[in-house]
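*Asks:* Okay, so here is data.cif, and as you'll see once you scroll down, it has mmCIF, N, CA and C atoms.
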data_data
#
loop_
_atom_site.label_atom_id
_atom_site.label_comp_id
_atom_site.auth_asym_id
_atom_site.auth_seq_id
_atom_site.Cartn_x
_atom_site.Cartn_y
_atom_site.Cartn_z
N MET L 1 -110.33 -65.25 17.00
CA MET L 1 -111.07 -64.58 15.95
C MET L 1 -112.36 -65.36 15.72
N SER L 2 -113.46 -64.65 15.57
CA SER L 2 -114.72 -65.35 15.35
C SER L 2 -115.52 -64.61 14.29
N GLY L 3 -116.62 -65.19 13.89
CA GLY L 3 -117.47 -64.58 12.89
C GLY L 3 -117.16 -65.09 11.50
N ARG L 4 -118.02 -64.68 10.59
CA ARG L 4 -117.90 -65.10 9.21
C ARG L 4 -117.93 -63.86 8.33
N ARG L 5 -116.97 -63.78 7.39
CA ARG L 5 -116.90 -62.62 6.50
C ARG L 5 -116.72 -63.10 5.07
N LEU L 6 -117.46 -62.50 4.15
CA LEU L 6 -117.40 -62.86 2.74
C LEU L 6 -116.53 -61.86 1.99
N ILE L 7 -115.70 -62.36 1.08
CA ILE L 7 -114.80 -61.52 0.29
C ILE L 7 -115.11 -61.77 -1.18
N SER L 8 -115.24 -60.68 -1.94
CA SER L 8 -115.49 -60.77 -3.38
C SER L 8 -114.33 -60.19 -4.15
N SER L 9 -114.04 -60.76 -5.31
CA SER L 9 -113.00 -60.22 -6.19
C SER L 9 -113.60 -59.27 -7.21
N GLY L 10 -114.93 -59.26 -7.30
CA GLY L 10 -115.60 -58.47 -8.33
C GLY L 10 -115.84 -59.27 -9.60
N SER L 11 -115.50 -60.55 -9.59
CA SER L 11 -115.72 -61.42 -10.75
C SER L 11 -117.21 -61.52 -11.04
N LEU L 12 -117.57 -61.45 -12.31
CA LEU L 12 -118.97 -61.63 -12.70
C LEU L 12 -119.47 -63.02 -12.33
N PHE L 13 -118.55 -64.01 -12.35
CA PHE L 13 -118.94 -65.38 -12.00
C PHE L 13 -119.52 -65.45 -10.59
N GLU L 14 -118.91 -64.72 -9.65
CA GLU L 14 -119.38 -64.76 -8.25
C GLU L 14 -120.82 -64.30 -8.15
N GLU L 15 -121.13 -63.20 -8.83
CA GLU L 15 -122.49 -62.67 -8.79
C GLU L 15 -123.46 -63.59 -9.53
N GLN L 16 -123.08 -64.06 -10.71
CA GLN L 16 -123.98 -64.87 -11.53
C GLN L 16 -124.25 -66.24 -10.93
N ILE L 17 -123.23 -66.83 -10.30
CA ILE L 17 -123.38 -68.19 -9.76
C ILE L 17 -123.82 -68.17 -8.30
N GLY L 18 -123.39 -67.14 -7.54
CA GLY L 18 -123.81 -67.01 -6.15
C GLY L 18 -122.82 -67.59 -5.16
N TYR L 19 -121.56 -67.18 -5.26
CA TYR L 19 -120.55 -67.63 -4.31
C TYR L 19 -119.60 -66.48 -4.00
N SER L 20 -118.70 -66.69 -3.07
CA SER L 20 -117.71 -65.69 -2.69
C SER L 20 -116.33 -66.15 -3.11
N ARG L 21 -115.46 -65.19 -3.43
CA ARG L 21 -114.06 -65.54 -3.74
C ARG L 21 -113.42 -66.20 -2.54
N ALA L 22 -113.75 -65.67 -1.35
CA ALA L 22 -113.21 -66.25 -0.12
C ALA L 22 -114.20 -66.05 1.01
N VAL L 23 -114.10 -66.94 1.98
CA VAL L 23 -114.89 -66.84 3.21
C VAL L 23 -113.93 -66.95 4.38
N VAL L 24 -114.00 -65.96 5.26
CA VAL L 24 -113.23 -66.02 6.50
C VAL L 24 -114.19 -66.55 7.56
N ASP L 25 -113.81 -67.64 8.18
CA ASP L 25 -114.64 -68.25 9.22
C ASP L 25 -113.71 -68.66 10.36
N GLY L 26 -113.81 -67.93 11.47
CA GLY L 26 -112.90 -68.18 12.58
C GLY L 26 -111.48 -67.87 12.17
N ASP L 27 -110.58 -68.82 12.39
CA ASP L 27 -109.16 -68.64 12.07
C ASP L 27 -108.82 -69.04 10.64
N TYR L 28 -109.79 -69.45 9.86
CA TYR L 28 -109.51 -69.98 8.53
C TYR L 28 -110.05 -69.09 7.43
N VAL L 29 -109.32 -69.11 6.31
CA VAL L 29 -109.75 -68.42 5.10
C VAL L 29 -109.86 -69.49 4.02
N PHE L 30 -111.06 -69.64 3.49
CA PHE L 30 -111.32 -70.62 2.44
C PHE L 30 -111.46 -69.85 1.13
N VAL L 31 -110.51 -70.05 0.21
CA VAL L 31 -110.53 -69.36 -1.07
C VAL L 31 -111.09 -70.30 -2.13
N SER L 32 -112.13 -69.85 -2.82
CA SER L 32 -112.76 -70.66 -3.86
C SER L 32 -111.77 -71.02 -4.96
N GLY L 33 -112.13 -72.04 -5.70
CA GLY L 33 -111.35 -72.38 -6.88
C GLY L 33 -111.21 -71.13 -7.73
N THR L 34 -109.98 -70.79 -8.08
CA THR L 34 -109.67 -69.54 -8.74
C THR L 34 -108.96 -69.83 -10.05
N THR L 35 -109.48 -69.26 -11.13
CA THR L 35 -108.88 -69.48 -12.44
C THR L 35 -108.02 -68.28 -12.82
N GLY L 36 -107.46 -68.33 -14.01
CA GLY L 36 -106.51 -67.32 -14.44
C GLY L 36 -107.11 -66.07 -15.04
N TYR L 37 -108.37 -65.80 -14.78
CA TYR L 37 -108.97 -64.56 -15.27
C TYR L 37 -108.39 -63.35 -14.55
N ASP L 38 -108.14 -62.30 -15.31
CA ASP L 38 -107.86 -60.98 -14.73
C ASP L 38 -109.26 -60.39 -14.52
N TYR L 39 -109.69 -60.31 -13.28
CA TYR L 39 -111.07 -59.91 -13.00
C TYR L 39 -111.35 -58.45 -13.33
N ALA L 40 -110.32 -57.63 -13.41
CA ALA L 40 -110.52 -56.22 -13.76
C ALA L 40 -110.96 -56.09 -15.22
N THR L 41 -110.44 -56.97 -16.07
CA THR L 41 -110.75 -56.90 -17.51
C THR L 41 -111.58 -58.10 -17.99
N MET L 42 -111.75 -59.10 -17.14
CA MET L 42 -112.42 -60.36 -17.48
C MET L 42 -111.80 -60.98 -18.73
N THR L 43 -110.46 -60.96 -18.77
CA THR L 43 -109.71 -61.62 -19.84
C THR L 43 -108.86 -62.72 -19.23
N ILE L 44 -108.46 -63.67 -20.08
CA ILE L 44 -107.64 -64.79 -19.62
C ILE L 44 -106.57 -65.07 -20.67
N ALA L 45 -105.35 -65.30 -20.23
CA ALA L 45 -104.23 -65.61 -21.14
C ALA L 45 -104.41 -67.01 -21.73
N ASP L 46 -103.78 -67.25 -22.84
CA ASP L 46 -103.83 -68.58 -23.46
C ASP L 46 -102.90 -69.56 -22.77
N ASP L 47 -101.78 -69.07 -22.25
CA ASP L 47 -100.71 -69.89 -21.69
C ASP L 47 -101.03 -70.35 -20.27
N VAL L 48 -100.83 -71.62 -19.97
CA VAL L 48 -101.16 -72.16 -18.65
C VAL L 48 -100.28 -71.56 -17.56
N VAL L 49 -99.02 -71.28 -17.85
CA VAL L 49 -98.14 -70.69 -16.84
C VAL L 49 -98.60 -69.28 -16.51
N ALA L 50 -98.96 -68.50 -17.51
CA ALA L 50 -99.50 -67.15 -17.27
C ALA L 50 -100.80 -67.24 -16.48
N GLN L 51 -101.63 -68.23 -16.76
CA GLN L 51 -102.86 -68.41 -16.00
C GLN L 51 -102.56 -68.76 -14.54
N ALA L 52 -101.57 -69.62 -14.31
CA ALA L 52 -101.21 -69.98 -12.93
C ALA L 52 -100.74 -68.74 -12.17
N GLU L 53 -99.92 -67.92 -12.82
CA GLU L 53 -99.46 -66.67 -12.20
C GLU L 53 -100.65 -65.80 -11.81
N GLN L 54 -101.62 -65.64 -12.74
CA GLN L 54 -102.79 -64.81 -12.45
C GLN L 54 -103.63 -65.43 -11.34
N CYS L 55 -103.75 -66.76 -11.32
CA CYS L 55 -104.47 -67.42 -10.23
C CYS L 55 -103.89 -66.99 -8.88
N PHE L 56 -102.57 -67.06 -8.77
CA PHE L 56 -101.94 -66.71 -7.50
C PHE L 56 -102.07 -65.23 -7.17
N ARG L 57 -102.06 -64.35 -8.19
CA ARG L 57 -102.30 -62.92 -7.91
C ARG L 57 -103.71 -62.73 -7.37
N ASN L 58 -104.68 -63.42 -7.98
CA ASN L 58 -106.08 -63.33 -7.52
C ASN L 58 -106.23 -63.88 -6.10
N ILE L 59 -105.60 -65.01 -5.84
CA ILE L 59 -105.67 -65.63 -4.51
C ILE L 59 -104.99 -64.74 -3.47
N ALA L 60 -103.81 -64.21 -3.81
CA ALA L 60 -103.09 -63.34 -2.87
C ALA L 60 -103.91 -62.11 -2.52
N ALA L 61 -104.63 -61.56 -3.49
CA ALA L 61 -105.47 -60.38 -3.22
C ALA L 61 -106.60 -60.73 -2.26
N ALA L 62 -107.23 -61.88 -2.45
CA ALA L 62 -108.31 -62.31 -1.54
C ALA L 62 -107.76 -62.57 -0.14
N LEU L 63 -106.61 -63.23 -0.07
CA LEU L 63 -106.00 -63.49 1.24
C LEU L 63 -105.61 -62.19 1.94
N ALA L 64 -105.08 -61.23 1.21
CA ALA L 64 -104.70 -59.95 1.81
C ALA L 64 -105.92 -59.25 2.40
N GLU L 65 -107.03 -59.29 1.68
CA GLU L 65 -108.25 -58.68 2.19
C GLU L 65 -108.73 -59.37 3.47
N ALA L 66 -108.40 -60.65 3.59
CA ALA L 66 -108.78 -61.43 4.78
C ALA L 66 -107.78 -61.26 5.92
N GLY L 67 -106.64 -60.60 5.65
CA GLY L 67 -105.62 -60.44 6.68
C GLY L 67 -104.60 -61.57 6.69
N ALA L 68 -104.46 -62.26 5.57
CA ALA L 68 -103.53 -63.39 5.46
C ALA L 68 -102.67 -63.21 4.21
N SER L 69 -101.77 -64.16 4.00
CA SER L 69 -100.92 -64.14 2.81
C SER L 69 -100.73 -65.57 2.31
N LEU L 70 -100.05 -65.70 1.19
CA LEU L 70 -99.76 -67.03 0.67
C LEU L 70 -98.90 -67.84 1.64
N ASP L 71 -98.15 -67.19 2.49
CA ASP L 71 -97.35 -67.90 3.49
C ASP L 71 -98.22 -68.56 4.56
N ASP L 72 -99.50 -68.21 4.62
CA ASP L 72 -100.43 -68.78 5.60
C ASP L 72 -101.23 -69.95 5.03
N VAL L 73 -101.00 -70.30 3.77
CA VAL L 73 -101.75 -71.38 3.13
C VAL L 73 -101.36 -72.72 3.74
N VAL L 74 -102.38 -73.50 4.14
CA VAL L 74 -102.14 -74.82 4.73
C VAL L 74 -102.58 -75.96 3.81
N ARG L 75 -103.37 -75.63 2.79
CA ARG L 75 -103.87 -76.65 1.88
C ARG L 75 -104.11 -76.04 0.51
N VAL L 76 -103.75 -76.77 -0.54
CA VAL L 76 -104.00 -76.32 -1.91
C VAL L 76 -104.56 -77.49 -2.72
N LEU L 77 -105.57 -77.18 -3.52
CA LEU L 77 -106.15 -78.14 -4.46
C LEU L 77 -106.00 -77.52 -5.84
N THR L 78 -105.41 -78.27 -6.76
CA THR L 78 -105.21 -77.79 -8.13
C THR L 78 -105.94 -78.70 -9.09
N ILE L 79 -106.59 -78.08 -10.08
CA ILE L 79 -107.27 -78.83 -11.12
C ILE L 79 -106.71 -78.39 -12.46
N VAL L 80 -106.25 -79.35 -13.25
CA VAL L 80 -105.81 -79.07 -14.62
C VAL L 80 -106.50 -80.05 -15.56
N PRO L 81 -107.08 -79.55 -16.64
CA PRO L 81 -107.72 -80.45 -17.60
C PRO L 81 -106.71 -81.28 -18.38
N ARG L 82 -105.53 -80.72 -18.65
CA ARG L 82 -104.52 -81.39 -19.48
C ARG L 82 -103.33 -81.80 -18.62
N ARG L 83 -103.07 -83.07 -18.51
CA ARG L 83 -101.94 -83.57 -17.71
C ARG L 83 -100.62 -82.90 -18.09
N GLU L 84 -100.43 -82.70 -19.36
CA GLU L 84 -99.15 -82.15 -19.84
C GLU L 84 -98.92 -80.70 -19.39
N ASP L 85 -99.94 -80.01 -18.92
CA ASP L 85 -99.78 -78.63 -18.44
C ASP L 85 -99.20 -78.54 -17.03
N TRP L 86 -99.33 -79.58 -16.23
CA TRP L 86 -99.01 -79.50 -14.81
C TRP L 86 -97.54 -79.20 -14.54
N GLU L 87 -96.65 -79.96 -15.16
CA GLU L 87 -95.22 -79.81 -14.84
C GLU L 87 -94.71 -78.40 -15.15
N ALA L 88 -95.21 -77.77 -16.18
CA ALA L 88 -94.78 -76.41 -16.52
C ALA L 88 -95.14 -75.41 -15.41
N CYS L 89 -96.12 -75.75 -14.59
CA CYS L 89 -96.58 -74.86 -13.51
C CYS L 89 -95.80 -75.05 -12.21
N TRP L 90 -95.00 -76.09 -12.10
CA TRP L 90 -94.28 -76.36 -10.85
C TRP L 90 -93.48 -75.15 -10.36
N PRO L 91 -92.70 -74.48 -11.23
CA PRO L 91 -91.93 -73.33 -10.72
C PRO L 91 -92.82 -72.21 -10.18
N VAL L 92 -93.99 -72.04 -10.76
CA VAL L 92 -94.92 -71.01 -10.27
C VAL L 92 -95.39 -71.37 -8.87
N PHE L 93 -95.76 -72.62 -8.66
CA PHE L 93 -96.21 -73.07 -7.34
C PHE L 93 -95.10 -72.93 -6.31
N ARG L 94 -93.90 -73.30 -6.71
CA ARG L 94 -92.77 -73.20 -5.77
C ARG L 94 -92.51 -71.75 -5.37
N ARG L 95 -92.61 -70.83 -6.36
CA ARG L 95 -92.38 -69.42 -6.07
C ARG L 95 -93.43 -68.86 -5.11
N TYR L 96 -94.69 -69.22 -5.30
CA TYR L 96 -95.76 -68.66 -4.48
C TYR L 96 -96.02 -69.44 -3.18
N LEU L 97 -95.76 -70.74 -3.18
CA LEU L 97 -96.09 -71.56 -2.00
C LEU L 97 -94.88 -72.24 -1.37
N GLY L 98 -93.69 -71.98 -1.88
CA GLY L 98 -92.49 -72.66 -1.40
C GLY L 98 -92.20 -72.44 0.07
N ARG L 99 -92.56 -71.30 0.61
CA ARG L 99 -92.35 -71.05 2.04
C ARG L 99 -93.40 -71.76 2.87
N ALA L 100 -94.65 -71.73 2.43
CA ALA L 100 -95.74 -72.33 3.20
C ALA L 100 -95.72 -73.86 3.13
N ARG L 101 -95.35 -74.39 1.98
CA ARG L 101 -95.33 -75.84 1.73
C ARG L 101 -96.60 -76.53 2.26
N PRO L 102 -97.76 -76.14 1.73
CA PRO L 102 -99.03 -76.69 2.21
C PRO L 102 -99.24 -78.13 1.74
N ALA L 103 -100.19 -78.79 2.39
CA ALA L 103 -100.66 -80.08 1.89
C ALA L 103 -101.27 -79.80 0.51
N SER L 104 -101.09 -80.74 -0.42
CA SER L 104 -101.46 -80.45 -1.81
C SER L 104 -102.11 -81.65 -2.48
N THR L 105 -103.11 -81.36 -3.32
CA THR L 105 -103.76 -82.39 -4.13
C THR L 105 -103.91 -81.85 -5.55
N LEU L 106 -103.70 -82.73 -6.53
CA LEU L 106 -103.88 -82.39 -7.95
C LEU L 106 -104.97 -83.29 -8.52
N ILE L 107 -105.87 -82.69 -9.27
CA ILE L 107 -106.93 -83.43 -9.96
C ILE L 107 -106.89 -83.06 -11.44
N HIS L 108 -107.06 -84.04 -12.29
CA HIS L 108 -107.22 -83.80 -13.73
C HIS L 108 -108.71 -83.87 -14.01
N ALA L 109 -109.30 -82.75 -14.45
CA ALA L 109 -110.74 -82.70 -14.74
C ALA L 109 -111.03 -81.51 -15.63
N GLY L 110 -112.18 -81.55 -16.29
CA GLY L 110 -112.60 -80.42 -17.10
C GLY L 110 -112.97 -79.22 -16.23
N LEU L 111 -112.81 -78.03 -16.79
CA LEU L 111 -113.18 -76.80 -16.09
C LEU L 111 -114.37 -76.16 -16.79
N GLN L 112 -114.81 -75.00 -16.29
CA GLN L 112 -116.04 -74.39 -16.77
C GLN L 112 -116.04 -74.10 -18.26
N ASN L 113 -114.89 -73.69 -18.81
CA ASN L 113 -114.83 -73.49 -20.26
C ASN L 113 -113.43 -73.84 -20.76
N GLU L 114 -113.30 -73.97 -22.06
CA GLU L 114 -112.05 -74.44 -22.68
C GLU L 114 -110.89 -73.48 -22.47
N ALA L 115 -111.17 -72.20 -22.27
CA ALA L 115 -110.09 -71.22 -22.08
C ALA L 115 -109.37 -71.44 -20.76
N MET L 116 -110.06 -71.99 -19.78
CA MET L 116 -109.48 -72.21 -18.45
C MET L 116 -108.59 -73.44 -18.48
N ARG L 117 -107.30 -73.26 -18.14
CA ARG L 117 -106.35 -74.38 -18.18
C ARG L 117 -105.87 -74.79 -16.81
N ILE L 118 -106.25 -74.02 -15.77
CA ILE L 118 -105.87 -74.37 -14.40
C ILE L 118 -106.83 -73.67 -13.44
N GLU L 119 -107.12 -74.33 -12.34
CA GLU L 119 -107.93 -73.75 -11.27
C GLU L 119 -107.26 -74.14 -9.94
N ILE L 120 -107.15 -73.16 -9.05
CA ILE L 120 -106.46 -73.38 -7.78
C ILE L 120 -107.35 -72.93 -6.63
N GLU L 121 -107.49 -73.79 -5.64
CA GLU L 121 -108.26 -73.49 -4.43
C GLU L 121 -107.31 -73.62 -3.24
N VAL L 122 -107.39 -72.69 -2.30
CA VAL L 122 -106.53 -72.79 -1.11
C VAL L 122 -107.33 -72.57 0.16
N THR L 123 -106.76 -73.07 1.24
CA THR L 123 -107.23 -72.79 2.59
C THR L 123 -106.03 -72.24 3.35
N ALA L 124 -106.26 -71.14 4.06
CA ALA L 124 -105.19 -70.53 4.85
C ALA L 124 -105.66 -70.41 6.30
N ARG L 125 -104.71 -70.33 7.20
CA ARG L 125 -105.02 -70.15 8.61
C ARG L 125 -104.46 -68.80 9.05
N LEU L 126 -105.32 -67.98 9.62
CA LEU L 126 -104.90 -66.67 10.10
C LEU L 126 -103.97 -66.84 11.29
N ARG L 127 -102.94 -66.02 11.32
CA ARG L 127 -102.00 -66.08 12.44
C ARG L 127 -102.57 -65.30 13.59
N ARG L 128 -102.41 -65.83 14.77
CA ARG L 128 -102.88 -65.14 15.96
C ARG L 128 -101.90 -64.04 16.33
N ALA L 129 -102.44 -62.95 16.83
CA ALA L 129 -101.60 -61.85 17.28
C ALA L 129 -100.75 -62.32 18.46
N ALA L 130 -99.58 -61.73 18.61
CA ALA L 130 -98.70 -62.10 19.72
C ALA L 130 -99.43 -61.94 21.03
N GLY L 131 -99.33 -62.95 21.86
CA GLY L 131 -99.99 -62.93 23.17
C GLY L 131 -101.44 -63.36 23.10
N GLY L 132 -101.94 -63.71 21.86
CA GLY L 132 -103.35 -64.05 21.72
C GLY L 132 -103.62 -65.49 21.67
#
Before anything else, please render the file you have as structure tokens.
*Replies:*
Amino acid sequence: MSGRRLISSGSLFEEQIGYSRAVVDGDYVFVSGTTGYDYATMTIADDVVAQAEQCFRNIAAALAEAGASLDDVVRVLTIVPRREDWEACWPVFRRYLGRARPASTLIHAGLQNEAMRIEIEVTARLRRAAGG
């Protein structure tokens, strides 16, 4: 597989800041840091676990458009502003990434605004067709 393809979620942030939700480049899909916004309504839940769930729904949609799934994720980077929020998200990560078991990094840092309690970035590798 070759070429470069840009994928948008329709988020206003992508247009205003100038980035893509995901970029397909060769065999890889690079998904931007994704927060818990429901991009259809541009709303975000207060609860970090609900935000993590929405992050994975947003990421899964971008991966599907690229021809991949969460099972193809090889690397995940997670950012949480509050240390105490991380452990509550473990079951969500296990449910969405437990089969892929990607390499993983966690960073504690501030996010774009106070409503955002988690941001997740992934890299996935597209599977080659049989015989390819």
*Asks:* Would you mind telling me which residue in L:Leu6, L:Leu12, L:Leu111, L:Ala64 lies nearest to L:Thr43 when using only C-alpha atoms?
*Replies:*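 The closest residue to L:Thr43 is L:Leu12.
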*Asks:* Give me, please, the distance in Å between atom CA of L:Arg127 and atom CA of L:Asp72, quoted to one decimal.
*Replies:* 7.5 Å
*Asks:* Quick one: DSSP strand (DSSP E or B) residues in stretch 45-112 of chain L, as a PDB file with N, CA and C atoms, keeping the file's coordinate frame?
*Replies:*
ATOM      1  N   VAL L  73    -101.000 -70.300   3.770  1.00  0.00           N
ATOM      2  CA  VAL L  73    -101.750 -71.380   3.130  1.00  0.00           C
ATOM      3  C   VAL L  73    -101.360 -72.720   3.740  1.00  0.00           C
ATOM      4  N   VAL L  74    -102.380 -73.500   4.140  1.00  0.00           N
ATOM      5  CA  VAL L  74    -102.140 -74.820   4.730  1.00  0.00           C
ATOM      6  C   VAL L  74    -102.580 -75.960   3.810  1.00  0.00           C
ATOM      7  N   ARG L  75    -103.370 -75.630   2.790  1.00  0.00           N
ATOM      8  CA  ARG L  75    -103.870 -76.650   1.880  1.00  0.00           C
ATOM      9  C   ARG L  75    -104.110 -76.040   0.510  1.00  0.00           C
ATOM     10  N   VAL L  76    -103.750 -76.770  -0.540  1.00  0.00           N
ATOM     11  CA  VAL L  76    -104.000 -76.320  -1.910  1.00  0.00           C
ATOM     12  C   VAL L  76    -104.560 -77.490  -2.720  1.00  0.00           C
ATOM     13  N   LEU L  77    -105.570 -77.180  -3.520  1.00  0.00           N
ATOM     14  CA  LEU L  77    -106.150 -78.140  -4.460  1.00  0.00           C
ATOM     15  C   LEU L  77    -106.000 -77.520  -5.840  1.00  0.00           C
ATOM     16  N   THR L  78    -105.410 -78.270  -6.760  1.00  0.00           N
ATOM     17  CA  THR L  78    -105.210 -77.790  -8.130  1.00  0.00           C
ATOM     18  C   THR L  78    -105.940 -78.700  -9.090  1.00  0.00           C
ATOM     19  N   ILE L  79    -106.590 -78.080 -10.080  1.00  0.00           N
ATOM     20  CA  ILE L  79    -107.270 -78.830 -11.120  1.00  0.00           C
ATOM     21  C   ILE L  79    -106.710 -78.390 -12.460  1.00  0.00           C
ATOM     22  N   VAL L  80    -106.250 -79.350 -13.250  1.00  0.00           N
ATOM     23  CA  VAL L  80    -105.810 -79.070 -14.620  1.00  0.00           C
ATOM     24  C   VAL L  80    -106.500 -80.050 -15.560  1.00  0.00           C
ATOM     25  N   ALA L 103    -100.190 -78.790   2.390  1.00  0.00           N
ATOM     26  CA  ALA L 103    -100.660 -80.080   1.890  1.00  0.00           C
ATOM     27  C   ALA L 103    -101.270 -79.800   0.510  1.00  0.00           C
ATOM     28  N   SER L 104    -101.090 -80.740  -0.420  1.00  0.00           N
ATOM     29  CA  SER L 104    -101.460 -80.450  -1.810  1.00  0.00           C
ATOM     30  C   SER L 104    -102.110 -81.650  -2.480  1.00  0.00           C
ATOM     31  N   THR L 105    -103.110 -81.360  -3.320  1.00  0.00           N
ATOM     32  CA  THR L 105    -103.760 -82.390  -4.130  1.00  0.00           C
ATOM     33  C   THR L 105    -103.910 -81.850  -5.550  1.00  0.00           C
ATOM     34  N   LEU L 106    -103.700 -82.730  -6.530  1.00  0.00           N
ATOM     35  CA  LEU L 106    -103.880 -82.390  -7.950  1.00  0.00           C
ATOM     36  C   LEU L 106    -104.970 -83.290  -8.520  1.00  0.00           C
ATOM     37  N   ILE L 107    -105.870 -82.690  -9.270  1.00  0.00           N
ATOM     38  CA  ILE L 107    -106.930 -83.430  -9.960  1.00  0.00           C
ATOM     39  C   ILE L 107    -106.890 -83.060 -11.440  1.00  0.00           C
ATOM     40  N   HIS L 108    -107.060 -84.040 -12.290  1.00  0.00           N
ATOM     41  CA  HIS L 108    -107.220 -83.800 -13.730  1.00  0.00           C
ATOM     42  C   HIS L 108    -108.710 -83.870 -14.010  1.00  0.00           C
TER      43      HIS L 108
END
*Asks:* For this file, the PyMOL selection byres ((chain L and resi 26-30) around 6) selects which residues, as an MDAnalysis selection string?
*Replies:* chainID L and resid 1:4 21:25 31:32 122:126
*Asks:* Please measure the separation of atom CA of L:Val49 and atom CA of L:Arg117, giving the value in Å to one decimal.
*Replies:*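 Atom CA of L:Arg117 lies 9.1 Å from atom CA of L:Val49.
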*Asks:* Between L:Ile59, L:Val73, L:Ala66, L:Ala52, single out the one closest to L:Phe93, counting all atoms listed in the file.
*Replies:*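 That would be L:Ala52, the residue with the smallest distance to L:Phe93.
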*Asks:* Between atom CA of L:Asp71 and atom N of L:Glu121, what distance in Å does the model show, to one decimal?
*Replies:*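 Going from atom CA of L:Asp71 over to atom N of L:Glu121, I get 14.9 Å.
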*Asks:* On this structure, which residues satisfy the PyMOL selection byres ((chain L and resi 81-87) around 6.5), written as number ranges by chain?
*Replies:* L: 79-80, 88-91, 107-111, 117-118
*Asks:* Could you turn the residues from that selection into a file that holds N, CA and C atoms, as a PDB file, in the frame of the given file?
*Replies:*
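What landed in result-v1.pdb:
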ATOM      1  N   ILE L  79    -106.590 -78.080 -10.080  1.00  0.00           N
ATOM      2  CA  ILE L  79    -107.270 -78.830 -11.120  1.00  0.00           C
ATOM      3  C   ILE L  79    -106.710 -78.390 -12.460  1.00  0.00           C
ATOM      4  N   VAL L  80    -106.250 -79.350 -13.250  1.00  0.00           N
ATOM      5  CA  VAL L  80    -105.810 -79.070 -14.620  1.00  0.00           C
ATOM      6  C   VAL L  80    -106.500 -80.050 -15.560  1.00  0.00           C
ATOM      7  N   ALA L  88     -95.210 -77.770 -16.180  1.00  0.00           N
ATOM      8  CA  ALA L  88     -94.780 -76.410 -16.520  1.00  0.00           C
ATOM      9  C   ALA L  88     -95.140 -75.410 -15.410  1.00  0.00           C
ATOM     10  N   CYS L  89     -96.120 -75.750 -14.590  1.00  0.00           N
ATOM     11  CA  CYS L  89     -96.580 -74.860 -13.510  1.00  0.00           C
ATOM     12  C   CYS L  89     -95.800 -75.050 -12.210  1.00  0.00           C
ATOM     13  N   TRP L  90     -95.000 -76.090 -12.100  1.00  0.00           N
ATOM     14  CA  TRP L  90     -94.280 -76.360 -10.850  1.00  0.00           C
ATOM     15  C   TRP L  90     -93.480 -75.150 -10.360  1.00  0.00           C
ATOM     16  N   PRO L  91     -92.700 -74.480 -11.230  1.00  0.00           N
ATOM     17  CA  PRO L  91     -91.930 -73.330 -10.720  1.00  0.00           C
ATOM     18  C   PRO L  91     -92.820 -72.210 -10.180  1.00  0.00           C
ATOM     19  N   ILE L 107    -105.870 -82.690  -9.270  1.00  0.00           N
ATOM     20  CA  ILE L 107    -106.930 -83.430  -9.960  1.00  0.00           C
ATOM     21  C   ILE L 107    -106.890 -83.060 -11.440  1.00  0.00           C
ATOM     22  N   HIS L 108    -107.060 -84.040 -12.290  1.00  0.00           N
ATOM     23  CA  HIS L 108    -107.220 -83.800 -13.730  1.00  0.00           C
ATOM     24  C   HIS L 108    -108.710 -83.870 -14.010  1.00  0.00           C
ATOM     25  N   ALA L 109    -109.300 -82.750 -14.450  1.00  0.00           N
ATOM     26  CA  ALA L 109    -110.740 -82.700 -14.740  1.00  0.00           C
ATOM     27  C   ALA L 109    -111.030 -81.510 -15.630  1.00  0.00           C
ATOM     28  N   GLY L 110    -112.180 -81.550 -16.290  1.00  0.00           N
ATOM     29  CA  GLY L 110    -112.600 -80.420 -17.100  1.00  0.00           C
ATOM     30  C   GLY L 110    -112.970 -79.220 -16.230  1.00  0.00           C
ATOM     31  N   LEU L 111    -112.810 -78.030 -16.790  1.00  0.00           N
ATOM     32  CA  LEU L 111    -113.180 -76.800 -16.090  1.00  0.00           C
ATOM     33  C   LEU L 111    -114.370 -76.160 -16.790  1.00  0.00           C
ATOM     34  N   ARG L 117    -107.300 -73.260 -18.140  1.00  0.00           N
ATOM     35  CA  ARG L 117    -106.350 -74.380 -18.180  1.00  0.00           C
ATOM     36  C   ARG L 117    -105.870 -74.790 -16.810  1.00  0.00           C
ATOM     37  N   ILE L 118    -106.250 -74.020 -15.770  1.00  0.00           N
ATOM     38  CA  ILE L 118    -105.870 -74.370 -14.400  1.00  0.00           C
ATOM     39  C   ILE L 118    -106.830 -73.670 -13.440  1.00  0.00           C
TER      40      ILE L 118
END
*Asks:* Determine the nearest neighbour of L:Val76 from the options L:Asn58, L:Thr34, L:Ser11, L:Asn113, counting only C-alpha atoms.
*Replies:*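 Of all the options, L:Thr34 lies closest to L:Val76.
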